[in-house]
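As provided, protein-v1.txt (compact mmCIF, C-alpha atoms and all ligand atoms) reads as follows.
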```txt
# COMPACT_ATOMS: atom_id res chain seq x y z
CA MET A 1043 -3.74 -3.19 -24.15
CA LEU A 1044 -2.95 -0.24 -26.38
CA ASN A 1045 -4.74 3.01 -26.04
CA PRO A 1046 -5.15 4.40 -29.57
CA GLU A 1047 -6.14 7.84 -28.33
CA LEU A 1048 -2.94 8.38 -26.41
CA GLY A 1049 -0.86 7.95 -29.55
CA ALA A 1050 2.82 7.21 -29.92
CA VAL A 1051 3.90 10.84 -29.53
CA GLY A 1052 2.10 11.35 -26.24
CA ALA A 1053 3.42 8.10 -24.85
CA ALA A 1054 6.98 8.84 -25.85
CA GLN A 1055 6.99 12.38 -24.53
CA ASP A 1056 5.49 11.65 -21.19
CA LYS A 1057 5.39 8.41 -19.29
CA SER A 1058 2.74 9.79 -17.00
CA PHE A 1059 -0.74 8.52 -17.85
CA LEU A 1060 -2.45 9.98 -14.82
CA ARG A 1061 -1.01 13.18 -13.42
CA ILE A 1062 -2.21 14.56 -10.11
CA ASP A 1063 -0.91 18.08 -9.79
CA ARG A 1064 -0.99 20.01 -6.49
CA LEU A 1065 -4.44 18.69 -5.67
CA THR A 1066 -6.20 20.03 -2.57
CA LYS A 1067 -9.65 19.40 -1.13
CA ARG A 1068 -10.91 21.43 1.80
CA PHE A 1069 -14.18 20.76 3.56
CA ASP A 1070 -15.44 23.49 5.90
CA GLU A 1071 -12.74 23.26 8.53
CA ALA A 1072 -10.82 20.14 7.46
CA THR A 1073 -8.22 19.81 4.70
CA ALA A 1074 -8.88 16.25 3.54
CA VAL A 1075 -6.29 16.28 0.73
CA ASP A 1076 -3.40 18.70 1.08
CA ASN A 1077 -1.48 19.71 -2.05
CA VAL A 1078 -0.54 16.27 -3.39
CA SER A 1079 1.22 15.58 -6.69
CA LEU A 1080 1.76 12.24 -8.35
CA ASP A 1081 2.46 10.66 -11.73
CA ILE A 1082 1.09 7.22 -12.51
CA GLU A 1083 2.18 5.19 -15.52
CA LYS A 1084 -0.10 3.41 -17.91
CA GLY A 1085 -0.87 -0.10 -16.68
CA GLU A 1086 0.41 0.62 -13.21
CA ILE A 1087 -1.45 -0.53 -10.09
CA PHE A 1088 -1.06 2.21 -7.52
CA ALA A 1089 -2.19 2.01 -3.88
CA LEU A 1090 -3.14 4.84 -1.55
CA LEU A 1091 -2.40 3.49 1.91
CA GLY A 1092 -3.21 5.16 5.20
CA SER A 1093 -5.28 5.00 8.33
CA SER A 1094 -8.90 6.06 8.65
CA GLY A 1095 -9.58 9.68 7.81
CA CYS A 1096 -6.25 10.41 6.07
CA GLY A 1097 -7.98 11.43 2.84
CA LYS A 1098 -7.73 8.30 0.65
CA SER A 1099 -11.36 8.15 -0.43
CA THR A 1100 -11.54 11.90 -0.97
CA LEU A 1101 -8.59 11.73 -3.36
CA LEU A 1102 -10.15 8.80 -5.20
CA ARG A 1103 -13.52 10.55 -5.38
CA MET A 1104 -11.84 13.58 -6.98
CA LEU A 1105 -10.33 11.30 -9.62
CA ALA A 1106 -13.77 9.81 -10.26
CA GLY A 1107 -15.41 13.22 -10.42
CA PHE A 1108 -17.67 12.82 -7.38
CA GLU A 1109 -15.82 15.54 -5.51
CA THR A 1110 -14.60 18.88 -6.92
CA PRO A 1111 -11.04 19.84 -5.96
CA THR A 1112 -10.55 23.10 -4.06
CA SER A 1113 -7.44 23.59 -6.22
CA GLY A 1114 -5.11 21.64 -8.47
CA HIS A 1115 -5.33 19.60 -11.67
CA ILE A 1116 -5.95 16.03 -12.74
CA LEU A 1117 -4.60 15.07 -16.16
CA LEU A 1118 -5.62 11.81 -17.78
CA ALA A 1119 -3.67 10.95 -20.94
CA GLY A 1120 -2.72 14.62 -21.18
CA SER A 1121 -6.19 16.19 -20.78
CA ASP A 1122 -7.31 18.07 -17.69
CA ILE A 1123 -10.46 16.31 -16.48
CA VAL A 1124 -11.22 18.44 -13.41
CA SER A 1125 -14.19 20.16 -15.02
CA MET A 1126 -15.45 17.02 -16.79
CA PRO A 1127 -18.54 15.50 -15.14
CA ALA A 1128 -18.13 12.06 -13.58
CA TYR A 1129 -20.27 10.27 -16.17
CA GLU A 1130 -18.16 11.59 -19.05
CA ARG A 1131 -14.84 10.47 -17.56
CA PRO A 1132 -13.38 7.25 -18.98
CA ILE A 1133 -13.08 6.04 -15.41
CA ASN A 1134 -14.92 3.42 -13.42
CA MET A 1135 -14.99 3.18 -9.66
CA MET A 1136 -15.75 0.23 -7.45
CA PHE A 1137 -17.01 1.41 -4.11
CA GLN A 1138 -16.21 0.30 -0.58
CA SER A 1139 -19.58 -1.51 -0.54
CA TYR A 1140 -19.89 -2.80 -4.07
CA ALA A 1141 -23.62 -3.63 -3.92
CA LEU A 1142 -24.56 -5.95 -6.76
CA PHE A 1143 -28.16 -5.93 -7.96
CA PRO A 1144 -29.66 -8.80 -5.93
CA HIS A 1145 -32.49 -9.57 -8.34
CA LEU A 1146 -30.20 -9.80 -11.41
CA THR A 1147 -28.04 -12.77 -12.38
CA VAL A 1148 -24.26 -12.57 -12.58
CA TRP A 1149 -24.54 -12.16 -16.35
CA GLU A 1150 -27.12 -9.35 -16.04
CA ASN A 1151 -25.10 -7.59 -13.36
CA ILE A 1152 -22.06 -7.45 -15.63
CA ALA A 1153 -24.16 -6.43 -18.65
CA PHE A 1154 -26.03 -3.71 -16.78
CA GLY A 1155 -23.84 -0.71 -17.62
CA LEU A 1156 -23.36 -1.84 -21.22
CA LYS A 1157 -27.12 -2.11 -21.78
CA ARG A 1158 -27.62 1.32 -20.26
CA ASP A 1159 -25.04 2.71 -22.69
CA GLY A 1160 -27.10 1.20 -25.53
CA LEU A 1161 -24.38 -1.07 -26.91
CA PRO A 1162 -25.47 -3.55 -29.61
CA LYS A 1163 -26.56 -6.92 -28.28
CA SER A 1164 -23.74 -8.84 -29.97
CA GLU A 1165 -21.15 -6.52 -28.46
CA ILE A 1166 -22.69 -6.89 -24.99
CA ASN A 1167 -22.70 -10.67 -25.31
CA ALA A 1168 -19.07 -10.72 -26.36
CA ARG A 1169 -17.88 -8.39 -23.60
CA VAL A 1170 -19.80 -10.12 -20.81
CA ASP A 1171 -18.45 -13.43 -22.05
CA ASP A 1172 -14.89 -12.06 -21.98
CA MET A 1173 -15.35 -10.72 -18.47
CA LEU A 1174 -16.79 -13.99 -17.19
CA THR A 1175 -13.74 -15.79 -18.55
CA ILE A 1176 -11.31 -13.30 -17.04
CA VAL A 1177 -12.83 -13.49 -13.56
CA LYS A 1178 -13.35 -17.27 -13.91
CA LEU A 1179 -17.10 -17.17 -13.30
CA LYS A 1180 -18.43 -18.61 -16.52
CA PRO A 1181 -20.16 -21.54 -14.80
CA TYR A 1182 -21.90 -19.07 -12.47
CA ALA A 1183 -23.41 -16.77 -15.10
CA LYS A 1184 -27.02 -17.68 -14.28
CA ARG A 1185 -26.70 -17.46 -10.51
CA LYS A 1186 -27.94 -14.61 -8.36
CA PRO A 1187 -25.47 -12.81 -6.06
CA HIS A 1188 -26.76 -14.52 -2.89
CA GLN A 1189 -25.82 -17.89 -4.43
CA LEU A 1190 -22.15 -16.88 -4.57
CA SER A 1191 -19.38 -16.69 -1.99
CA GLY A 1192 -18.08 -13.28 -0.88
CA GLY A 1193 -14.99 -13.63 -3.06
CA GLN A 1194 -17.07 -14.58 -6.10
CA GLN A 1195 -19.40 -11.61 -5.57
CA GLN A 1196 -16.37 -9.38 -5.37
CA ARG A 1197 -15.17 -10.69 -8.73
CA VAL A 1198 -18.58 -10.00 -10.29
CA ALA A 1199 -18.34 -6.41 -9.06
CA LEU A 1200 -14.89 -6.12 -10.61
CA ALA A 1201 -16.12 -7.61 -13.88
CA ARG A 1202 -18.99 -5.10 -13.90
CA CYS A 1203 -16.45 -2.27 -13.58
CA LEU A 1204 -14.10 -3.65 -16.22
CA ALA A 1205 -16.83 -4.45 -18.75
CA LYS A 1206 -16.99 -0.83 -19.86
CA SER A 1207 -13.24 -0.88 -20.63
CA PRO A 1208 -12.40 2.14 -18.50
CA LYS A 1209 -9.02 3.80 -19.00
CA LEU A 1210 -8.71 4.13 -15.27
CA LEU A 1211 -10.05 1.75 -12.65
CA LEU A 1212 -10.57 3.06 -9.14
CA LEU A 1213 -11.04 0.62 -6.26
CA ASP A 1214 -12.01 1.80 -2.79
CA GLU A 1215 -11.16 -0.88 -0.22
CA PRO A 1216 -11.87 -3.60 -2.81
CA LEU A 1217 -11.49 -6.45 -0.35
CA GLY A 1218 -13.02 -4.72 2.66
CA ALA A 1219 -16.08 -6.97 2.76
CA LEU A 1220 -14.10 -10.23 2.80
CA ASP A 1221 -12.76 -12.14 5.78
CA ARG A 1222 -9.04 -12.40 6.27
CA LYS A 1223 -8.41 -15.75 4.59
CA LEU A 1224 -10.46 -14.88 1.52
CA ARG A 1225 -8.78 -11.48 1.31
CA GLU A 1226 -5.37 -13.09 0.98
CA GLN A 1227 -6.48 -15.38 -1.87
CA THR A 1228 -8.41 -12.64 -3.61
CA GLN A 1229 -5.50 -10.15 -3.48
CA PHE A 1230 -3.51 -12.30 -5.89
CA GLU A 1231 -6.50 -13.04 -8.12
CA LEU A 1232 -7.41 -9.39 -8.36
CA HIS A 1233 -3.84 -8.45 -9.16
CA SER A 1234 -3.58 -10.96 -11.97
CA ILE A 1235 -6.98 -9.97 -13.43
CA ILE A 1236 -6.08 -6.27 -13.48
CA LYS A 1237 -2.66 -6.98 -15.00
CA ARG A 1238 -4.16 -9.24 -17.65
CA VAL A 1239 -6.68 -6.57 -18.66
CA GLY A 1240 -3.87 -3.99 -18.57
CA VAL A 1241 -6.01 -1.23 -17.07
CA THR A 1242 -4.34 1.49 -14.99
CA CYS A 1243 -5.62 1.21 -11.44
CA VAL A 1244 -5.63 3.30 -8.29
CA LEU A 1245 -6.77 1.46 -5.22
CA VAL A 1246 -7.39 2.62 -1.68
CA THR A 1247 -6.69 0.49 1.34
CA HIS A 1248 -5.77 0.73 4.99
CA ASP A 1249 -4.33 -2.80 4.87
CA GLN A 1250 -0.60 -2.73 4.26
CA GLU A 1251 -0.40 -6.36 3.14
CA GLU A 1252 -3.07 -5.70 0.57
CA ALA A 1253 -1.16 -2.67 -0.70
CA MET A 1254 2.14 -4.53 -0.79
CA THR A 1255 0.86 -7.62 -2.61
CA MET A 1256 -1.36 -5.80 -5.09
CA ALA A 1257 0.40 -2.57 -5.99
CA ASP A 1258 3.42 -1.73 -8.14
CA ARG A 1259 3.83 1.44 -6.08
CA ILE A 1260 2.32 2.77 -2.89
CA ALA A 1261 1.72 6.25 -1.48
CA VAL A 1262 1.66 6.24 2.31
CA MET A 1263 -0.78 8.98 3.34
CA SER A 1264 -1.23 10.86 6.57
CA GLU A 1265 -3.39 13.92 7.19
CA GLY A 1266 -4.01 14.49 3.51
CA GLN A 1267 -0.36 14.34 2.47
CA PHE A 1268 1.94 11.76 0.93
CA LYS A 1269 4.62 10.76 3.42
CA GLN A 1270 6.42 8.50 0.93
CA VAL A 1271 5.80 7.16 -2.55
CA GLY A 1272 7.67 4.07 -3.66
CA ARG A 1273 7.67 0.41 -4.53
CA PRO A 1274 6.60 -1.92 -1.70
CA ASN A 1275 10.17 -3.01 -0.93
CA GLU A 1276 11.42 0.59 -0.90
CA ILE A 1277 8.75 1.63 1.54
CA TYR A 1278 9.44 -1.32 3.80
CA GLU A 1279 13.23 -1.42 3.62
CA THR A 1280 14.10 2.26 3.28
CA PRO A 1281 11.30 4.24 4.93
CA SER A 1282 11.82 7.97 4.50
CA CYS A 1283 10.58 9.03 7.92
CA ARG A 1284 9.56 7.80 11.31
CA PHE A 1285 5.88 7.79 10.42
CA VAL A 1286 6.35 5.41 7.47
CA ALA A 1287 8.77 3.12 9.35
CA ASP A 1288 6.28 2.81 12.17
CA PHE A 1289 3.19 2.52 9.98
CA ILE A 1290 4.46 -0.29 7.73
CA GLY A 1291 5.21 -3.56 9.49
CA ASN A 1292 6.91 -3.96 12.84
CA VAL A 1293 9.94 -1.90 13.65
CA ASN A 1294 12.31 -1.17 16.54
CA LEU A 1295 13.15 2.52 16.89
CA PHE A 1296 16.08 3.97 18.84
CA ASP A 1297 16.21 7.71 19.39
CA GLY A 1298 19.66 9.23 19.61
CA LYS A 1299 22.02 11.82 18.18
CA LEU A 1300 24.05 11.92 14.99
CA GLU A 1301 27.73 11.51 15.96
CA ILE A 1302 29.47 10.79 12.66
CA ASP A 1303 28.11 11.55 9.19
CA GLU A 1304 30.08 10.54 6.10
CA PRO A 1305 28.78 9.91 2.56
CA ASP A 1306 28.97 6.13 3.03
CA HIS A 1307 28.27 5.68 6.72
CA CYS A 1308 27.07 7.33 9.89
CA VAL A 1309 27.04 6.65 13.61
CA VAL A 1310 24.13 7.36 15.90
CA GLY A 1311 24.67 7.29 19.66
CA SER A 1312 21.75 6.38 21.91
CA GLU A 1313 21.28 5.47 25.55
CA HIS A 1314 21.23 1.82 24.42
CA GLY A 1315 24.50 1.96 22.57
CA SER A 1316 26.05 3.08 19.37
CA PHE A 1317 24.77 2.24 15.89
CA TYR A 1318 27.02 2.11 12.84
CA VAL A 1319 24.96 2.40 9.66
CA ASN A 1320 26.27 2.07 6.09
CA HIS A 1321 24.58 5.14 4.65
CA GLY A 1322 25.06 8.85 5.25
CA VAL A 1323 22.25 11.27 6.11
CA THR A 1324 23.76 14.67 5.23
CA GLY A 1325 22.62 16.09 8.55
CA THR A 1326 24.27 18.22 11.21
CA LEU A 1327 26.34 16.51 13.88
CA GLY A 1328 24.48 16.41 17.18
CA MET A 1329 21.04 16.54 15.56
CA PRO A 1330 18.36 14.10 16.75
CA ALA A 1331 18.31 10.91 14.70
CA THR A 1332 16.34 7.69 15.01
CA VAL A 1333 17.68 4.28 14.10
CA ALA A 1334 15.09 1.85 12.71
CA VAL A 1335 15.57 -1.90 12.54
CA ARG A 1336 13.07 -4.54 11.45
CA PRO A 1337 12.66 -7.56 13.78
CA GLU A 1338 13.83 -9.99 11.08
CA LYS A 1339 17.10 -8.06 10.62
CA VAL A 1340 18.22 -8.71 14.20
CA SER A 1341 20.54 -11.63 15.00
CA LEU A 1342 20.62 -13.23 18.44
CA GLN A 1343 23.49 -15.00 20.15
CA ARG A 1344 24.33 -16.30 23.61
CA ASP A 1345 28.00 -15.25 23.66
CA PRO A 1346 29.15 -11.65 23.51
CA PRO A 1347 30.44 -10.75 20.02
CA ALA A 1348 34.17 -10.11 19.60
CA ASP A 1349 33.52 -6.51 18.56
CA ALA A 1350 30.76 -5.01 20.65
CA GLN A 1351 31.60 -1.34 20.06
CA HIS A 1352 28.69 -0.82 17.67
CA ASN A 1353 25.44 -2.59 16.78
CA CYS A 1354 25.28 -4.84 19.82
CA LEU A 1355 22.66 -4.78 22.56
CA ARG A 1356 22.71 -6.95 25.67
CA GLY A 1357 19.47 -8.00 27.33
CA GLU A 1358 17.24 -10.75 28.56
CA ILE A 1359 14.60 -12.72 26.67
CA ALA A 1360 11.22 -11.53 27.98
CA ASP A 1361 8.87 -13.52 25.72
CA ASN A 1362 9.23 -16.19 23.11
CA GLY A 1363 6.54 -17.13 20.64
CA TYR A 1364 7.05 -20.24 18.51
CA PHE A 1365 5.27 -20.04 15.13
CA GLY A 1366 6.65 -23.16 13.46
CA SER A 1367 8.62 -21.63 10.64
CA PHE A 1368 9.86 -18.76 12.80
CA SER A 1369 10.00 -17.51 16.39
CA LEU A 1370 9.18 -14.08 17.71
CA TYR A 1371 11.10 -12.87 20.73
CA ARG A 1372 10.89 -9.81 22.86
CA MET A 1373 14.04 -8.85 24.66
CA ASN A 1374 14.28 -6.56 27.70
CA LEU A 1375 16.94 -3.89 27.34
CA ALA A 1376 18.28 -1.63 30.07
CA GLY A 1377 15.80 1.10 30.97
CA GLY A 1378 12.73 -1.05 30.24
CA LYS A 1379 12.84 -0.77 26.45
CA LYS A 1380 11.86 -3.89 24.52
CA LEU A 1381 13.40 -5.16 21.31
CA GLN A 1382 11.34 -7.31 18.90
CA ILE A 1383 13.22 -10.05 17.10
CA GLN A 1384 12.09 -12.52 14.47
CA ILE A 1385 14.26 -15.57 13.86
CA THR A 1386 13.48 -17.75 10.85
CA HIS A 1387 14.00 -21.40 11.71
CA GLY A 1388 15.36 -22.19 8.27
CA GLN A 1389 18.43 -20.20 9.33
CA ARG A 1390 18.47 -21.10 13.02
CA HIS A 1391 21.46 -22.85 14.51
CA GLY A 1392 21.11 -24.58 17.87
CA GLU A 1393 18.43 -24.39 20.55
CA LEU A 1394 15.56 -21.95 20.78
CA PHE A 1395 16.16 -19.08 23.17
CA GLN A 1396 14.34 -19.38 26.47
CA ARG A 1397 12.66 -16.79 28.66
CA GLY A 1398 15.14 -15.31 31.14
CA GLU A 1399 18.25 -16.12 29.09
CA THR A 1400 20.83 -13.36 28.69
CA VAL A 1401 21.47 -12.74 25.01
CA TYR A 1402 23.20 -10.35 22.61
CA ALA A 1403 21.31 -8.82 19.73
CA THR A 1404 23.49 -7.75 16.80
CA PHE A 1405 22.74 -5.88 13.58
CA ALA A 1406 24.59 -5.64 10.29
CA PRO A 1407 25.32 -2.03 9.23
CA ASP A 1408 23.03 -2.49 6.21
CA ALA A 1409 20.17 -3.75 8.40
CA LEU A 1410 19.70 -0.29 9.91
CA VAL A 1411 18.06 2.85 8.57
CA VAL A 1412 18.62 6.29 10.07
CA LEU A 1413 15.64 8.62 10.07
CA THR A 1414 15.94 12.34 10.67
CA SER A 1415 12.29 13.32 10.27
N1 LIG B 1 -18.31 15.42 2.62
C1 LIG B 1 -17.50 15.73 3.62
N2 LIG B 1 -17.70 16.81 4.41
C2 LIG B 1 -16.87 17.14 5.40
N3 LIG B 1 -15.76 16.44 5.71
C3 LIG B 1 -15.48 15.35 4.99
C4 LIG B 1 -16.33 14.92 3.91
N4 LIG B 1 -15.79 13.80 3.36
C5 LIG B 1 -14.68 13.53 4.07
N5 LIG B 1 -14.49 14.45 5.03
C6 LIG B 1 -13.37 14.50 5.99
O1 LIG B 1 -12.15 14.43 5.26
C7 LIG B 1 -11.22 13.60 5.91
C8 LIG B 1 -10.78 12.49 4.98
O2 LIG B 1 -11.87 11.61 4.73
P1 LIG B 1 -11.76 10.35 3.76
O3 LIG B 1 -13.11 9.76 3.62
O4 LIG B 1 -11.08 10.77 2.52
O5 LIG B 1 -10.81 9.40 4.60
P2 LIG B 1 -10.32 7.90 4.30
O6 LIG B 1 -8.83 7.97 4.30
O7 LIG B 1 -10.98 7.38 3.09
O8 LIG B 1 -10.80 7.12 5.60
P3 LIG B 1 -11.43 5.63 5.76
O9 LIG B 1 -10.25 4.70 5.77
O10 LIG B 1 -12.07 5.69 7.10
O11 LIG B 1 -12.38 5.37 4.64
C9 LIG B 1 -11.89 13.11 7.18
O12 LIG B 1 -11.47 13.93 8.24
C10 LIG B 1 -13.36 13.28 6.89
O13 LIG B 1 -14.07 13.52 8.06
MG MG B 2 -12.41 5.76 2.75
```
Can you present the structure in this file as structure tokens?
Amino acid sequence: MLNPELGAVGAAQDKSFLRIDRLTKRFDEATAVDNVSLDIEKGEIFALLGSSGCGKSTLLRMLAGFETPTSGHILLAGSDIVSMPAYERPINMMFQSYALFPHLTVWENIAFGLKRDGLPKSEINARVDDMLTIVKLKPYAKRKPHQLSGGQQQRVALARCLAKSPKLLLLDEPLGALDRKLREQTQFELHSIIKRVGVTCVLVTHDQEEAMTMADRIAVMSEGQFKQVGRPNEIYETPSCRFVADFIGNVNLFDGKLEIDEPDHCVVGSEHGSFYVNHGVTGTLGMPATVAVRPEKVSLQRDPPADAQHNCLRGEIADNGYFGSFSLYRMNLAGGKKLQIQITHGQRHGELFQRGETVYATFAPDALVVLTS
């Protein structure tokens, strides 16, 4: 969808559609959002991901205009909107609890905001019709919310938000009210609806799967700050710090010291052995460093590898969980530390590993990430 007001010049000069510039929000004693900056492109779906209380909703509410920043700027298509009242902003927000009007039909719920804005009847009819098609609820237009499933209600709420053609769509925990199974289905539906409409979207979630499947990019937040901003695979595969590595997915962490540091590789020594990693860290030799490895990047074998100088840990299988397409193992290392391992059965050779077996865990140099903060 083209935005005529942005114009070709604006778009060419600056790819940023929404610019958040050194934004801070302090409540009496707490700093809910702490000096964050971010550029979001037109049409991008961006997720703010973090645990409870990290400042996600406060940041979203500042974008919507329900909260006034303590300092900083918000630029939408080049204009600073900080002093613009919420109702004048070309932004629509879907709240954590997206209460539909229970006494109105699906059609009337979607039309509500358009009627209030005094749009001509023909325009309202056309837009509601479009929305019903997009969210695939045309056959349900005459139903009341209580006659719909949770996922269908959620789509009505989204249609109600999109009907006003906002330039920016804000979603606070959009799938929070749905059970797990429905969430997974709805994630993909929601993603394809938003992409089809082409609206720029910032969504808030504490569910990493939701962020990863729905968003083009993610900001991992903690205590009001962005710990890392990147595409889902960047955040998962190359976390920038211990917090992000630990927060996203499962990870094994080994604390040690930096022993070798070259542009294309480094070695970290730990009490469990030595790790050879194929990236440098530009740190100081001897500094504390943590090696992170995802469970699915570990290989297991019964015989000791020929070269066990680096990237090889010996231990005993403590637990094995068989999940059909893969197995999860926990391995006891010396000193009581446990290593989590995920073996996909599509790539498995030979028998499953049994509890009590002595095994060797090995890692490729590109399976490891060294973290220094
Ligand atoms: N109106 C307010 N007055 C005082 N403190 C507030 C207010 N709103 C939020 N806070 C505080 O700011 C911090 C961030 O809150 P926020 O609601 O943004 O968190 P969140 O990341 O959305 O959490 P959740 O996942 O639980 O919704 C919290 O410590 C919260 O207590
Ligand atoms: Mg919140």
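Neighbouring residues of Asn1292 (chain A) at 12 Å or closer, counting only C-alpha atoms and skipping chain neighbours under 2 positions away, are A:Gln1250, A:Tyr1278, A:Glu1279, A:Val1286, A:Ala1287, A:Asp1288, A:Phe1289, A:Ile1290, A:Asn1294, A:Leu1295, A:Ala1334, A:Val1335, A:Arg1336, A:Pro1337, A:Glu1338, A:Lys1339, A:Leu1370, A:Leu1381, A:Gln1382, A:Ile1383, A:Gln1384.
Every residue having at least one atom no farther than 9 Å from ligand MG 2 (chain B) is included below, with all atoms listed in the file taken into account: Ser1094, Gly1095, Cys1096, Gly1097, Lys1098, Ser1099, Thr1100, Leu1102, Gln1138, Asp1214, Glu1215, Val1246, Thr1247 and His1248 of chain A.
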Expected file: the selected residues, C-alpha atoms, as a short mmCIF file (atom, residue, chain, number, x, y, z; two decimals), keeping the file's coordinate frame:
```
data_model
loop_
_atom_site.label_atom_id
_atom_site.label_comp_id
_atom_site.auth_asym_id
_atom_site.auth_seq_id
_atom_site.Cartn_x
_atom_site.Cartn_y
_atom_site.Cartn_z
CA SER A 1094 -8.90 6.06 8.65
CA GLY A 1095 -9.58 9.68 7.81
CA CYS A 1096 -6.25 10.41 6.07
CA GLY A 1097 -7.98 11.43 2.84
CA LYS A 1098 -7.73 8.30 0.65
CA SER A 1099 -11.36 8.15 -0.43
CA THR A 1100 -11.54 11.90 -0.97
CA LEU A 1102 -10.15 8.80 -5.20
CA GLN A 1138 -16.21 0.30 -0.58
CA ASP A 1214 -12.01 1.80 -2.79
CA GLU A 1215 -11.16 -0.88 -0.22
CA VAL A 1246 -7.39 2.62 -1.68
CA THR A 1247 -6.69 0.49 1.34
CA HIS A 1248 -5.77 0.73 4.99
#
```
Protein and nucleic residues near ligand LIG 1 (chain B), 12 Å, all atoms listed in the file, as an mmCIF file with C-alpha atoms, in the coordinates of the input:
```
data_model
loop_
_atom_site.group_PDB
_atom_site.id
_atom_site.type_symbol
_atom_site.label_atom_id
_atom_site.label_comp_id
_atom_site.auth_asym_id
_atom_site.auth_seq_id
_atom_site.Cartn_x
_atom_site.Cartn_y
_atom_site.Cartn_z
ATOM 1 C CA THR A 1066 -6.200 20.030 -2.570
ATOM 2 C CA LYS A 1067 -9.650 19.400 -1.130
ATOM 3 C CA ARG A 1068 -10.910 21.430 1.800
ATOM 4 C CA PHE A 1069 -14.180 20.760 3.560
ATOM 5 C CA ASP A 1070 -15.440 23.490 5.900
ATOM 6 C CA GLU A 1071 -12.740 23.260 8.530
ATOM 7 C CA ALA A 1072 -10.820 20.140 7.460
ATOM 8 C CA THR A 1073 -8.220 19.810 4.700
ATOM 9 C CA ALA A 1074 -8.880 16.250 3.540
ATOM 10 C CA VAL A 1075 -6.290 16.280 0.730
ATOM 11 C CA ASP A 1076 -3.400 18.700 1.080
ATOM 12 C CA LEU A 1090 -3.140 4.840 -1.550
ATOM 13 C CA LEU A 1091 -2.400 3.490 1.910
ATOM 14 C CA GLY A 1092 -3.210 5.160 5.200
ATOM 15 C CA SER A 1093 -5.280 5.000 8.330
ATOM 16 C CA SER A 1094 -8.900 6.060 8.650
ATOM 17 C CA GLY A 1095 -9.580 9.680 7.810
ATOM 18 C CA CYS A 1096 -6.250 10.410 6.070
ATOM 19 C CA GLY A 1097 -7.980 11.430 2.840
ATOM 20 C CA LYS A 1098 -7.730 8.300 0.650
ATOM 21 C CA SER A 1099 -11.360 8.150 -0.430
ATOM 22 C CA THR A 1100 -11.540 11.900 -0.970
ATOM 23 C CA LEU A 1101 -8.590 11.730 -3.360
ATOM 24 C CA LEU A 1102 -10.150 8.800 -5.200
ATOM 25 C CA ARG A 1103 -13.520 10.550 -5.380
ATOM 26 C CA MET A 1104 -11.840 13.580 -6.980
ATOM 27 C CA PHE A 1108 -17.670 12.820 -7.380
ATOM 28 C CA GLU A 1109 -15.820 15.540 -5.510
ATOM 29 C CA THR A 1110 -14.600 18.880 -6.920
ATOM 30 C CA PHE A 1137 -17.010 1.410 -4.110
ATOM 31 C CA GLN A 1138 -16.210 0.300 -0.580
ATOM 32 C CA SER A 1139 -19.580 -1.510 -0.540
ATOM 33 C CA LEU A 1213 -11.040 0.620 -6.260
ATOM 34 C CA ASP A 1214 -12.010 1.800 -2.790
ATOM 35 C CA GLU A 1215 -11.160 -0.880 -0.220
ATOM 36 C CA PRO A 1216 -11.870 -3.600 -2.810
ATOM 37 C CA GLY A 1218 -13.020 -4.720 2.660
ATOM 38 C CA LEU A 1245 -6.770 1.460 -5.220
ATOM 39 C CA VAL A 1246 -7.390 2.620 -1.680
ATOM 40 C CA THR A 1247 -6.690 0.490 1.340
ATOM 41 C CA HIS A 1248 -5.770 0.730 4.990
ATOM 42 C CA ASP A 1249 -4.330 -2.800 4.870
ATOM 43 C CA VAL A 1262 1.660 6.240 2.310
ATOM 44 C CA MET A 1263 -0.780 8.980 3.340
ATOM 45 C CA SER A 1264 -1.230 10.860 6.570
ATOM 46 C CA GLU A 1265 -3.390 13.920 7.190
ATOM 47 C CA GLY A 1266 -4.010 14.490 3.510
ATOM 48 C CA GLN A 1267 -0.360 14.340 2.470
ATOM 49 C CA PHE A 1268 1.940 11.760 0.930
#
```
For CA of Asp1345 (chain A) and CA of Gly1398 (chain A), quote the distance in Å rounded to one decimal. 14.9 Å
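Counting from CA of Thr1255 (chain A), the distance to CA of Phe1230 (chain A) is 7.2 Å.
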So what do you get for CA of Lys1184 (chain A) versus CA of Arg1158 (chain A), distance-wise? 19.9 Å
Residues around (13.9, 11.4, 22.6), cut-off 8 Å, counting all atoms listed in the file - what are they as a compact mmCIF listing (two decimals) with C-alpha atoms, keeping the file's coordinate frame?
```txt
# COMPACT_ATOMS: atom_id res chain seq x y z
CA ASP A 1297 16.21 7.71 19.39
CA GLY A 1298 19.66 9.23 19.61
CA PRO A 1330 18.36 14.10 16.75
```
Got a sec: who's within 12 Å of region 1331-1333 of chain A, counting all atoms listed in the file, leaving out chain neighbours fewer than 2 positions off, as a count of residues only? 54
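Using all atoms listed in the file, the shortest contact distance between Lys1223 (chain A) and any of A:Thr1404, A:Phe1088, A:Gly1192, A:Ala1253 is found at A:Gly1192.
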Find the residues with any atom within 10 Å of (-12.4, 16.2, -16.2); use only C-alpha atoms and the coordinates as given in the file, and write the answer as a list of chain:residue names. A:Met1104, A:Leu1105, A:Ala1106, A:Gly1107, A:Thr1110, A:His1115, A:Ile1116, A:Leu1117, A:Leu1118, A:Ser1121, A:Asp1122, A:Ile1123, A:Val1124, A:Ser1125, A:Met1126, A:Pro1127, A:Ala1128, A:Tyr1129, A:Glu1130, A:Arg1131, A:Pro1132
Identify which of the residues A:Met1373, A:Met1136, A:Leu1065, A:Ile1082 lies closest to Asp1258 (chain A), counting only C-alpha atoms when measuring atom-to-atom distances. A:Ile1082
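Nearest residue to Arg1344 (chain A), choosing from A:Gly1377, A:Tyr1402, A:Tyr1371, A:Phe1143 and counting only C-alpha atoms: A:Tyr1402.
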